[in-house]
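Raw work06.cif, mmCIF, C-alpha atoms:
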```cif
data_data
#
loop_
_atom_site.label_atom_id
_atom_site.label_comp_id
_atom_site.auth_asym_id
_atom_site.auth_seq_id
_atom_site.Cartn_x
_atom_site.Cartn_y
_atom_site.Cartn_z
CA MET A 1 139.57 124.02 106.93
CA LYS A 2 140.93 124.64 110.44
CA LYS A 3 142.53 121.66 112.12
CA VAL A 4 140.31 121.85 115.18
CA ILE A 5 139.10 118.77 117.04
CA LEU A 6 136.51 119.41 119.72
CA SER A 7 136.64 117.57 122.99
CA SER A 8 134.30 114.65 123.55
CA LEU A 9 132.45 116.61 126.19
CA VAL A 10 131.70 119.49 123.84
CA ALA A 11 130.80 117.11 121.03
CA LEU A 12 128.39 115.21 123.29
CA SER A 13 126.59 118.43 124.11
CA THR A 14 126.08 119.06 120.39
CA LEU A 15 124.22 115.79 119.99
CA LEU A 16 121.18 117.43 121.55
CA GLY A 17 122.23 121.08 121.04
CA PRO A 18 123.15 123.88 120.55
CA PHE A 19 121.86 123.95 117.00
CA ASN A 20 122.38 126.94 114.70
CA VAL A 21 118.96 127.18 113.04
CA TYR A 22 119.96 130.05 110.75
CA ALA A 23 122.99 128.15 109.43
CA ALA A 24 120.90 125.02 108.99
CA GLU A 25 118.31 126.93 106.96
CA LYS A 26 121.00 128.23 104.62
CA PHE A 27 122.58 124.81 104.21
CA ASN A 28 121.50 122.72 101.20
CA TYR A 29 120.62 119.46 102.92
CA GLU A 30 119.19 117.88 99.78
CA GLU A 31 122.54 118.07 97.96
CA PHE A 32 124.51 117.04 101.04
CA ILE A 33 122.36 113.97 101.69
CA ASP A 34 122.62 112.99 98.03
CA ASP A 35 126.42 113.05 98.29
CA VAL A 36 126.62 110.80 101.37
CA LYS A 37 127.79 107.27 100.59
CA ILE A 38 127.59 104.18 102.80
CA GLU A 39 129.57 101.01 102.11
CA CYS A 40 128.86 97.83 104.07
CA ASP A 41 130.81 94.64 104.63
CA GLU A 42 130.32 91.73 107.01
CA ASN A 43 132.15 93.43 109.89
CA GLN A 44 132.65 96.99 108.67
CA ILE A 45 130.67 100.08 107.67
CA THR A 46 132.23 103.04 105.84
CA ILE A 47 130.55 106.47 105.72
CA LYS A 48 131.71 109.17 103.29
CA TRP A 49 130.37 112.72 102.96
CA SER A 50 131.11 115.98 101.18
CA GLU A 51 132.67 118.99 102.89
CA VAL A 52 130.26 121.30 104.76
CA PRO A 53 130.96 125.06 104.37
CA ASP A 54 132.19 126.71 107.62
CA ALA A 55 132.60 123.35 109.34
CA VAL A 56 135.77 122.91 111.41
CA ALA A 57 135.04 119.38 112.64
CA TYR A 58 132.74 116.40 112.18
CA SER A 59 131.37 113.96 114.75
CA VAL A 60 129.86 110.51 114.26
CA TYR A 61 127.75 108.91 116.97
CA HIS A 62 126.30 105.44 117.38
CA GLY A 63 123.57 105.94 119.96
CA ASP A 64 125.05 108.27 122.58
CA SER A 65 128.60 106.98 122.03
CA GLU A 66 130.93 109.17 120.03
CA LEU A 67 132.84 107.07 117.50
CA TYR A 68 134.66 109.82 115.62
CA ASN A 69 135.59 113.49 116.04
CA GLY A 70 137.89 115.09 113.49
CA THR A 71 138.31 116.91 110.22
CA ASN A 72 138.19 114.02 107.75
CA ASP A 73 135.16 113.58 105.48
CA SER A 74 134.91 109.84 106.03
CA PHE A 75 134.70 107.32 108.86
CA VAL A 76 135.17 103.55 109.08
CA HIS A 77 133.43 101.57 111.83
CA ASN A 78 135.26 98.26 112.35
CA ASP A 79 134.82 95.04 114.31
CA LEU A 80 131.05 94.93 113.90
CA GLU A 81 128.65 92.03 114.19
CA SER A 82 127.57 90.69 110.82
CA GLY A 83 123.95 90.93 109.70
CA LYS A 84 123.03 93.59 112.27
CA PRO A 85 121.41 97.05 111.88
CA TYR A 86 123.42 100.15 112.83
CA ASN A 87 122.20 103.73 113.22
CA TYR A 88 124.47 106.77 113.21
CA THR A 89 124.27 110.53 113.71
CA LEU A 90 126.67 112.65 111.63
CA MET A 91 127.20 116.29 112.66
CA ALA A 92 129.20 119.22 111.31
CA VAL A 93 130.35 121.87 113.83
CA ASN A 94 131.56 125.44 113.20
CA SER A 95 134.22 127.47 115.04
CA ASP A 96 131.62 128.64 117.59
CA GLU A 97 131.02 125.02 118.52
CA GLU A 98 127.55 125.14 116.97
CA VAL A 99 126.06 122.29 114.97
CA ILE A 100 125.45 123.58 111.46
CA ALA A 101 124.44 120.25 109.87
CA LYS A 102 123.08 117.03 111.37
CA ILE A 103 121.78 113.86 109.71
CA ILE A 104 120.80 110.33 110.72
CA LEU A 105 122.04 107.28 108.80
CA SER A 106 120.68 103.74 109.03
CA THR A 107 122.13 100.61 107.45
CA LYS A 108 123.22 97.08 108.31
CA THR A 109 126.25 94.88 107.99
CA ILE A 110 126.20 92.09 105.41
CA GLU A 111 125.28 88.60 106.54
CA PRO A 112 127.95 85.92 106.11
CA LYS A 113 127.39 83.31 103.45
CA LYS A 114 126.69 80.36 105.68
CA LYS A 115 123.79 77.96 105.94
CA THR A 116 121.12 79.51 108.16
CA LEU A 117 117.36 79.81 107.92
CA ARG A 118 117.83 83.10 106.11
CA SER A 119 120.63 82.16 103.71
CA ILE A 120 119.55 78.66 102.75
CA ASP A 121 118.15 79.99 99.46
CA SER A 122 120.50 80.94 96.67
CA SER A 123 120.31 84.50 95.36
CA SER A 124 118.99 83.22 92.04
CA ASP A 125 116.08 81.47 93.78
CA PHE A 126 115.49 84.32 96.22
CA PRO A 127 116.31 87.61 94.47
CA VAL A 128 115.96 89.97 97.48
CA ASN A 129 117.77 87.73 99.97
CA ASN A 130 120.80 90.03 100.18
CA VAL A 131 119.20 93.45 99.70
CA ASN A 132 120.53 96.09 102.09
CA VAL A 133 118.63 99.40 102.15
CA ALA A 134 120.42 102.38 103.70
CA THR A 135 118.58 105.57 104.63
CA ILE A 136 120.03 109.05 105.11
CA SER A 137 117.89 111.90 106.44
CA ASN A 138 117.83 115.23 108.24
CA GLY A 139 114.14 114.89 109.14
CA GLU A 140 112.98 116.90 106.10
CA PHE A 141 114.64 115.07 103.22
CA ILE A 142 115.40 111.36 102.96
CA LYS A 143 117.48 109.24 100.61
CA PHE A 144 117.15 105.47 100.10
CA ASP A 145 120.10 103.59 98.64
CA TRP A 146 120.22 99.83 98.06
CA ASN A 147 122.35 97.33 96.18
CA ASP A 148 121.16 96.38 92.70
CA VAL A 149 118.69 93.52 92.33
CA PRO A 150 119.84 91.45 89.31
CA ASN A 151 117.73 91.89 86.16
CA VAL A 152 115.39 94.51 87.62
CA GLU A 153 115.40 97.34 85.06
CA HIS A 154 113.20 99.81 86.90
CA PHE A 155 111.18 100.29 90.10
CA GLU A 156 107.74 101.75 90.63
CA VAL A 157 107.84 103.96 93.73
CA VAL A 158 104.79 103.69 95.99
CA LYS A 159 104.41 106.03 98.98
CA ASN A 160 101.67 105.17 101.47
CA GLY A 161 99.82 103.27 98.75
CA THR A 162 100.12 105.94 96.03
CA ILE A 163 102.42 105.61 92.99
CA VAL A 164 104.69 108.68 93.01
CA ASP A 165 107.55 107.86 90.62
CA ASN A 166 109.22 105.35 88.33
CA ILE A 167 113.00 104.98 88.63
CA SER A 168 115.78 103.06 86.90
CA GLU A 169 118.42 103.43 89.64
CA SER A 170 118.65 101.65 92.99
CA GLU A 171 118.25 104.89 94.94
CA PHE A 172 115.50 107.40 95.59
CA SER A 173 115.28 110.78 97.34
CA ASP A 174 112.14 112.42 98.68
CA GLU A 175 110.85 115.22 100.86
CA LEU A 176 109.24 114.10 104.11
CA ASP A 177 106.15 116.26 103.83
CA GLY A 178 103.09 116.35 106.10
CA GLY A 179 100.65 113.55 106.69
CA LYS A 180 101.18 110.29 108.53
CA GLU A 181 104.01 110.01 111.06
CA LYS A 182 104.86 106.57 109.66
CA VAL A 183 105.55 106.56 105.92
CA VAL A 184 105.66 103.26 104.01
CA TYR A 185 107.84 103.42 100.89
CA GLU A 186 107.61 100.47 98.51
CA PHE A 187 109.86 100.00 95.49
CA ARG A 188 108.26 97.47 93.12
CA GLY A 189 110.11 95.75 90.32
CA LYS A 190 109.84 92.66 88.16
CA ILE A 191 112.38 90.08 87.02
CA PRO A 192 112.10 88.19 83.72
CA VAL A 193 112.58 84.45 84.08
CA ASN A 194 115.40 82.72 82.20
CA GLU A 195 114.77 80.96 78.87
CA GLN A 196 114.54 77.49 80.37
CA GLU A 197 112.01 78.57 82.97
CA LYS A 198 110.17 80.56 80.32
CA GLU A 199 109.60 77.44 78.18
CA ILE A 200 108.40 75.48 81.21
CA ARG A 201 105.96 78.20 82.21
CA LEU A 202 104.63 78.70 78.70
CA SER A 203 103.81 75.00 78.32
CA LYS A 204 102.12 74.86 81.72
CA ILE A 205 100.28 78.14 81.15
CA GLU A 206 98.79 76.83 77.92
CA LYS A 207 97.66 73.64 79.66
CA ASN A 208 96.24 75.41 82.73
CA ILE A 209 94.41 78.12 80.82
CA SER A 210 92.93 75.46 78.56
CA GLU A 211 91.73 73.42 81.55
CA GLN A 212 90.46 76.36 83.59
CA GLY A 213 89.10 78.50 80.79
CA ASN A 214 90.78 81.57 82.31
CA GLU A 215 91.29 84.10 79.53
CA SER A 216 91.69 87.13 81.83
CA VAL A 217 95.32 86.36 82.61
CA LYS A 218 97.95 87.96 80.38
CA THR A 219 100.59 85.41 79.45
CA GLU A 220 103.33 88.04 79.53
CA ASP A 221 102.61 88.78 83.21
CA LEU A 222 103.31 85.15 84.07
CA LEU A 223 106.83 85.27 82.65
CA TYR A 224 108.10 87.51 85.46
CA ASP A 225 108.69 87.25 89.16
CA TYR A 226 107.89 90.34 91.20
CA VAL A 227 109.80 92.07 94.00
CA SER A 228 108.95 94.69 96.61
CA ILE A 229 111.58 96.49 98.66
CA ILE A 230 109.72 98.13 101.54
CA LYS A 231 111.04 100.69 104.01
CA VAL A 232 108.92 101.93 106.94
CA VAL A 233 110.02 105.43 107.99
CA ASP A 234 109.24 106.98 111.39
CA LYS A 235 109.20 110.73 110.70
CA LYS A 236 108.94 111.61 114.39
CA LYS A 237 112.15 109.75 115.14
CA LEU A 238 113.98 111.36 112.22
CA LYS A 239 112.80 114.89 113.02
CA SER A 240 114.00 114.61 116.60
CA LEU A 241 117.48 113.85 115.23
CA ALA A 242 118.24 112.11 118.51
CA ASN A 243 119.92 108.76 118.03
CA LEU A 244 120.21 107.51 121.60
CA SER A 245 120.95 103.89 122.46
CA ASN A 246 118.30 103.35 125.16
CA ASN A 247 115.31 103.11 122.82
CA GLU A 248 114.59 99.47 123.58
CA VAL A 249 111.35 97.55 123.08
CA ASP A 250 110.20 94.67 125.26
CA ASN A 251 107.38 93.21 123.18
CA VAL A 252 106.68 93.00 119.44
CA LYS A 253 103.56 91.56 117.80
CA LEU A 254 103.08 90.65 114.12
CA ARG A 255 99.81 89.94 112.33
CA TYR A 256 99.83 88.38 108.84
CA THR A 257 96.39 87.95 107.29
CA THR A 258 95.11 86.66 103.95
CA PHE A 259 91.60 87.43 102.75
CA ILE A 260 89.30 87.61 99.71
CA GLY A 261 88.01 91.13 99.20
CA ASP A 262 84.90 90.14 97.21
CA LYS A 263 81.70 88.73 98.69
CA TYR A 264 81.70 85.84 96.21
CA VAL A 265 84.31 84.49 93.77
CA GLU A 266 83.64 82.09 90.90
CA ASN A 267 84.86 78.53 91.22
CA PRO A 268 87.98 78.43 88.99
CA VAL A 269 87.97 74.61 88.70
CA PRO A 270 86.75 73.34 85.29
CA TYR A 271 83.46 71.43 85.42
CA ALA A 272 85.04 68.20 84.13
CA LEU A 273 87.36 68.12 87.12
CA ARG A 274 84.56 68.88 89.57
CA LEU A 275 83.07 65.53 88.52
CA THR A 276 86.10 63.74 89.99
CA GLY A 277 84.95 64.58 93.52
CA GLU A 278 81.84 63.94 95.56
CA ASP A 279 78.38 64.62 94.12
CA TRP A 280 77.87 67.96 95.89
CA GLU A 281 81.22 69.29 94.66
CA GLU A 282 80.14 69.45 91.02
CA GLU A 283 77.41 71.93 92.01
CA VAL A 284 79.80 74.47 93.53
CA GLU A 285 79.80 77.60 91.36
CA TYR A 286 80.97 80.13 93.95
CA PHE A 287 83.18 80.35 97.00
CA GLY A 288 82.36 82.84 99.72
CA GLY A 289 84.75 85.76 100.12
CA ASP A 290 85.34 88.06 103.07
CA ASN A 291 83.68 91.14 101.55
CA ARG A 292 86.11 93.69 102.97
CA ASP A 293 89.12 95.91 102.36
CA PHE A 294 92.44 95.98 104.20
CA ALA A 295 92.04 96.19 107.98
CA VAL A 296 94.32 95.31 110.86
CA SER A 297 91.48 93.84 112.91
CA HIS A 298 88.65 91.96 111.22
CA SER A 299 86.72 88.77 111.93
CA ARG A 300 86.50 87.87 108.23
CA PHE A 301 89.64 86.41 106.65
CA ARG A 302 90.95 83.24 105.03
CA THR A 303 93.94 82.77 107.34
CA GLN A 304 95.53 84.77 110.12
CA VAL A 305 98.84 84.27 111.91
CA ASN A 306 99.79 86.20 115.04
CA ILE A 307 103.38 86.08 116.29
CA GLU A 308 104.46 87.56 119.61
CA ALA A 309 108.11 88.19 120.53
CA ASP A 310 108.72 88.86 124.23
CA PHE A 311 112.33 89.86 124.85
CA THR A 312 112.00 90.03 128.65
CA ASP A 313 110.87 86.43 129.00
CA GLU A 314 112.72 85.23 125.88
CA LEU A 315 109.54 83.84 124.30
CA LEU A 316 108.49 83.60 120.66
CA ASP A 317 104.93 82.32 120.23
CA ILE A 318 102.54 81.74 117.33
CA ASP A 319 98.74 81.70 117.14
CA LYS A 320 97.17 80.55 113.86
CA ASP A 321 93.59 80.59 112.65
CA VAL A 322 91.85 79.36 109.50
CA ASN A 323 88.30 80.52 108.80
CA ARG A 324 85.59 78.34 107.33
CA THR A 325 85.25 77.99 103.56
CA THR A 326 81.72 78.51 102.28
CA MET A 327 80.56 77.00 98.97
CA TYR A 328 77.49 78.02 96.95
CA ASP A 329 75.51 76.83 93.94
CA LYS A 330 74.77 78.88 90.80
CA ASN A 331 71.99 80.77 92.63
CA LYS A 332 74.32 81.56 95.54
CA ASN A 333 72.53 79.16 97.84
CA LEU A 334 74.81 77.73 100.50
CA ILE A 335 75.79 74.11 99.81
CA LYS A 336 78.45 73.41 102.41
CA THR A 337 80.88 74.92 104.89
CA ALA A 338 84.17 73.34 105.92
CA ARG A 339 87.43 74.34 107.54
CA ALA A 340 90.87 73.58 106.12
CA SER A 341 93.67 72.34 108.34
CA SER A 342 96.23 74.76 109.81
CA SER A 343 98.92 72.06 109.99
CA GLY A 344 100.78 73.69 107.08
CA VAL A 345 101.45 76.82 109.16
CA LYS A 346 104.73 76.41 111.05
CA LEU A 347 107.12 78.68 112.93
CA ASP A 348 110.79 77.64 112.98
CA LYS A 349 112.81 79.45 115.66
CA ASN A 350 116.45 80.15 114.94
CA VAL A 351 117.46 82.69 117.62
CA VAL A 352 115.41 83.57 120.71
CA ASN A 353 117.06 85.68 123.40
CA GLN A 354 116.75 89.04 125.19
CA ASP A 355 118.36 90.94 122.31
CA GLU A 356 117.21 89.30 119.09
CA MET A 357 114.53 87.07 117.58
CA ASP A 358 115.18 85.23 114.31
CA PHE A 359 112.58 82.93 112.76
CA ARG A 360 111.02 81.46 109.63
CA LEU A 361 107.25 81.33 109.09
CA ASN A 362 106.01 78.78 106.55
CA HIS A 363 102.36 78.96 105.45
CA SER A 364 100.53 76.49 103.21
CA VAL A 365 96.77 76.22 103.63
CA GLY A 366 94.42 74.64 101.09
CA ILE A 367 90.66 74.72 100.64
CA PRO A 368 88.44 71.79 101.74
CA TYR A 369 87.22 71.02 98.25
CA LEU A 370 87.94 68.04 95.95
CA GLU A 371 90.16 66.63 98.68
CA ASP A 372 89.41 63.05 97.58
CA SER A 373 89.88 63.68 93.85
CA LEU A 374 92.64 61.61 92.26
CA GLU A 375 92.90 63.91 89.25
CA PHE A 376 92.96 67.41 90.69
CA THR A 377 94.16 69.08 93.86
CA PRO A 378 93.13 72.73 94.32
CA PRO A 379 96.04 75.08 94.99
CA GLU A 380 96.97 76.30 98.45
CA ILE A 381 97.58 79.76 99.87
CA ASP A 382 101.36 79.75 100.17
CA TYR A 383 103.82 82.22 101.62
CA ARG A 384 107.07 82.20 103.53
CA MET A 385 108.56 84.90 105.69
CA ASP A 386 111.93 85.07 107.43
CA GLY A 387 112.07 87.55 110.29
CA GLU A 388 114.68 89.32 112.39
CA ILE A 389 113.57 91.57 115.26
CA PHE A 390 116.02 93.44 117.48
CA ARG A 391 115.27 94.77 120.94
CA GLU A 392 117.48 97.82 120.48
CA ASP A 393 115.43 100.52 118.77
CA GLY A 394 112.83 97.97 117.63
CA SER A 395 114.67 97.39 114.36
CA TYR A 396 113.34 94.63 112.15
CA ARG A 397 113.74 92.97 108.79
CA PHE A 398 111.35 90.57 107.07
CA ASP A 399 111.92 88.94 103.71
CA GLY A 400 110.15 86.20 101.85
CA TRP A 401 107.54 85.62 99.16
CA HIS A 402 103.82 85.09 98.74
CA ASP A 403 101.34 83.97 96.09
CA GLY A 404 99.48 86.53 94.00
CA ALA A 405 96.19 85.48 95.57
CA PRO A 406 94.32 86.19 97.68
CA SER A 407 95.08 89.58 99.29
CA HIS A 408 97.93 89.71 101.83
CA GLU A 409 98.45 92.18 104.70
CA LEU A 410 101.08 92.49 107.44
CA TYR A 411 100.99 94.68 110.56
CA ILE A 412 103.31 95.23 113.55
CA SER A 413 102.86 96.48 117.12
CA PHE A 414 105.46 97.57 119.70
CA ASP A 415 105.01 97.29 123.48
CA ASN A 416 101.24 96.71 123.21
CA GLY A 417 100.74 99.87 121.17
CA PRO A 418 98.47 100.13 118.11
CA TYR A 419 99.23 97.99 115.09
CA GLU A 420 101.01 99.77 112.22
CA GLU A 421 100.86 98.82 108.54
CA VAL A 422 103.89 97.08 107.08
CA PHE A 423 102.45 96.05 103.70
CA THR A 424 99.11 95.53 101.95
CA HIS A 425 99.20 93.57 98.69
CA ASP A 426 95.95 93.26 96.78
CA LEU A 427 94.74 90.22 94.85
CA TYR A 428 96.30 89.80 91.40
CA ASP A 429 94.18 86.93 90.09
CA PHE A 430 93.27 83.50 91.45
CA PHE A 431 95.26 82.03 88.58
CA TYR A 432 98.32 83.12 90.60
CA LEU A 433 97.68 80.39 93.15
CA PHE A 434 98.75 77.71 90.71
CA GLU A 435 102.29 76.33 90.71
CA VAL A 436 103.29 77.72 87.34
CA THR A 437 102.56 81.33 88.26
CA PRO A 438 104.98 83.94 89.64
CA LYS A 439 105.89 84.64 93.22
CA HIS A 440 105.93 88.09 94.80
CA TYR A 441 109.19 88.46 96.73
CA PHE A 442 109.58 91.09 99.43
CA ASP A 443 112.23 92.65 101.67
CA ILE A 444 110.97 94.86 104.51
CA SER A 445 112.85 96.90 107.11
CA ASN A 446 112.48 99.99 109.25
#
```
Could you quickly redo this structure as structure tokens?
Amino acid sequence: MKKVILSSLVALSTLLGPFNVYAAEKFNYEEFIDDVKIECDENQITIKWSEVPDAVAYSVYHGDSELYNGTNDSFVHNDLESGKPYNYTLMAVNSDEEVIAKIILSTKTIEPKKKTLRSIDSSSDFPVNNVNVATISNGEFIKFDWNDVPNVEHFEVVKNGTIVDNISESEFSDELDGGKEKVVYEFRGKIPVNEQEKEIRLSKIEKNISEQGNESVKTEDLLYDYVSIIKVVDKKKLKSLANLSNNEVDNVKLRYTTFIGDKYVENPVPYALRLTGEDWEEEVEYFGGDNRDFAVSHSRFRTQVNIEADFTDELLDIDKDVNRTTMYDKNKNLIKTARASSSGVKLDKNVVNQDEMDFRLNHSVGIPYLEDSLEFTPPEIDYRMDGEIFREDGSYRFDGWHDGAPSHELYISFDNGPYEEVFTHDLYDFFYLFEVTPKHYFDISN
């Protein structure tokens, strides 16, 4: 390889062009992307790549700032802020000063192990707390690479709601074919509980199934916790291959909704326990559902939380709503309607400024049924979500967990634009609302 280092001026011009299309078509991007490695520390990111044929120099950009120009096949970015996302453009240039290969890389530095809202849980209690998903793409092919999640043996790969693969490694490559501009990749795994927890769950499962008469639940399913690693990919941004630093957002909105898809659901509380409440409560055979599928905007839901982050005014606000619970007799005649309290929905703000928002959303909402019973308390809809949103490039990360019932959906909007899907998790079984049953952990980023 020639020892040629292009000037910063020439290299800057290559960020947006000229681009040798013929050379790019001949180049095997799929193999090249697969060979790229990214290593992250608290304050350092290392990028390594394989040699590109006919390349005389390589350039690495962060936004429109050139960080490296030379002939080495690796680069180390030092003195970085911990726990922050970083995007890079890597280019290979030939002797005619033409770009013959160009890719975009996204990753983040590791968060320090200190007591914050996000790190208060141990990794054993919160299995995806320290997951870091890197993406590498040329706009046509994409590679996902993340650190191993302990005890997860394989992942089911879901692309825009369709299962496309089953993998045993913590990496996945795919072709960014036609269809939606935003592609949601979800990597689903499950973690077996330890022996001590297994014994506890088995004893409680036997007791709960006996009391509730629920034979539809498979005991084996209750001896795992479940994880979803979700990456939202903007194909338009990748295909432009422009990684400029002025792509800021001023306003971000989140909408987290829970709902029951069916029109009616059977009362899961055993009849003997219904007698411990008021007279009318023993007659309740059905609860009213929301009779719908996933939808970003709908008047029928169990609970809905809207969060708005305004970077310009440095505001982080929450709006919470709980719909009425409807209860019916065996003939589906309405007996009573009541509304549960929203006091268990709380937003804890950690960082609120013009560059970053960091928060924790706690959600615990019950049903207004058997509230005065001394022998039984119906389970609540529980979830928790930690969020980080960055003004630069609209980067975000959400991690947390939710119950397996009812259905859960999360959407996001930038600068008053349309809401985009982040995840949609369907109802497992109402048995999953009880304390003994597994949690579904998630880690989401873009």
- prompt: Where does the PyMOL selection byres ((chain A and resi 366-368) around 6) land in this file, that is, which residues does it pick, as a PyMOL selection string?
  reply: chain A and resi 340+365+369+380
- prompt: Taking into account all atoms listed in the file, which residue in the set A:Glu206, A:Asp279, A:Asp319, A:Asp174 is nearest to Glu30 of chain A?
  reply: A:Asp174
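Here the question is which of A:Thr303, A:Thr135, A:Thr312, A:Asn331 gets nearest to Tyr264 of chain A using all atoms listed in the file, and that residue is A:Asn331.
Note that the spacing between atom CA of Ser203 of chain A and atom CA of Pro378 of chain A amounts to 19.4 Å.
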Residues within 8 Å of Phe398 of chain A, please, as a CSV table (one decimal) with C-alpha atoms, in the frame of the given file. Count only C-alpha atoms; anything in the same chain fewer than 2 positions from it doesn't count.
```csv
chain,number,residue,atom,x,y,z
A,385,MET,CA,108.6,84.9,105.7
A,386,ASP,CA,111.9,85.1,107.4
A,387,GLY,CA,112.1,87.6,110.3
A,388,GLU,CA,114.7,89.3,112.4
A,396,TYR,CA,113.3,94.6,112.2
A,400,GLY,CA,110.2,86.2,101.8
A,442,PHE,CA,109.6,91.1,99.4
A,443,ASP,CA,112.2,92.6,101.7
A,444,ILE,CA,111.0,94.9,104.5
A,445,SER,CA,112.8,96.9,107.1
```
- prompt: Could you spell out the hits of the PyMOL selection byres ((chain A and resi 348-362) around 8) on the shown file, as a PyMOL selection string?
  reply: chain A and resi 117-118+309+311-316+344-347+363-364+382-392
Will you model N, CA, C and O atoms for segment 314-329 of chain A and pass it back as a compact mmCIF listing (two decimals), keeping the file's coordinate frame?
```txt
# COMPACT_ATOMS: atom_id res chain seq x y z
N GLU A 314 112.08 86.03 126.93
CA GLU A 314 112.72 85.23 125.88
C GLU A 314 111.74 84.21 125.31
O GLU A 314 112.01 83.00 125.25
N LEU A 315 110.59 84.70 124.86
CA LEU A 315 109.54 83.84 124.30
C LEU A 315 109.20 84.29 122.89
O LEU A 315 109.14 85.50 122.60
N LEU A 316 108.94 83.33 122.02
CA LEU A 316 108.49 83.60 120.66
C LEU A 316 107.34 82.62 120.38
O LEU A 316 107.56 81.42 120.24
N ASP A 317 106.12 83.16 120.33
CA ASP A 317 104.93 82.32 120.23
C ASP A 317 104.15 82.61 118.96
O ASP A 317 104.21 83.71 118.41
N ILE A 318 103.37 81.60 118.52
CA ILE A 318 102.54 81.74 117.33
C ILE A 318 101.11 81.33 117.65
O ILE A 318 100.87 80.39 118.42
N ASP A 319 100.15 82.06 117.08
CA ASP A 319 98.74 81.70 117.14
C ASP A 319 98.22 81.72 115.71
O ASP A 319 98.40 82.71 114.99
N LYS A 320 97.61 80.65 115.26
CA LYS A 320 97.17 80.55 113.86
C LYS A 320 95.69 80.22 113.80
O LYS A 320 95.17 79.46 114.62
N ASP A 321 95.03 80.78 112.79
CA ASP A 321 93.59 80.59 112.65
C ASP A 321 93.23 80.48 111.17
O ASP A 321 93.73 81.26 110.35
N VAL A 322 92.36 79.54 110.86
CA VAL A 322 91.85 79.36 109.50
C VAL A 322 90.34 79.46 109.55
O VAL A 322 89.69 78.70 110.30
N ASN A 323 89.75 80.37 108.80
CA ASN A 323 88.30 80.52 108.80
C ASN A 323 87.64 79.47 107.91
O ASN A 323 88.29 78.86 107.05
N ARG A 324 86.35 79.32 108.10
CA ARG A 324 85.59 78.34 107.33
C ARG A 324 85.48 78.75 105.86
O ARG A 324 85.36 79.93 105.54
N THR A 325 85.51 77.78 104.99
CA THR A 325 85.25 77.99 103.56
C THR A 325 83.77 77.73 103.31
O THR A 325 83.22 76.72 103.75
N THR A 326 83.14 78.66 102.62
CA THR A 326 81.72 78.51 102.28
C THR A 326 81.59 78.31 100.78
O THR A 326 82.23 79.00 99.99
N MET A 327 80.73 77.36 100.38
CA MET A 327 80.56 77.00 98.97
C MET A 327 79.09 77.11 98.57
O MET A 327 78.21 76.67 99.31
N TYR A 328 78.84 77.68 97.38
CA TYR A 328 77.49 78.02 96.95
C TYR A 328 77.20 77.45 95.55
O TYR A 328 78.12 77.25 94.76
N ASP A 329 75.91 77.27 95.27
CA ASP A 329 75.51 76.83 93.94
C ASP A 329 75.36 78.03 93.01
O ASP A 329 75.68 79.17 93.38
```
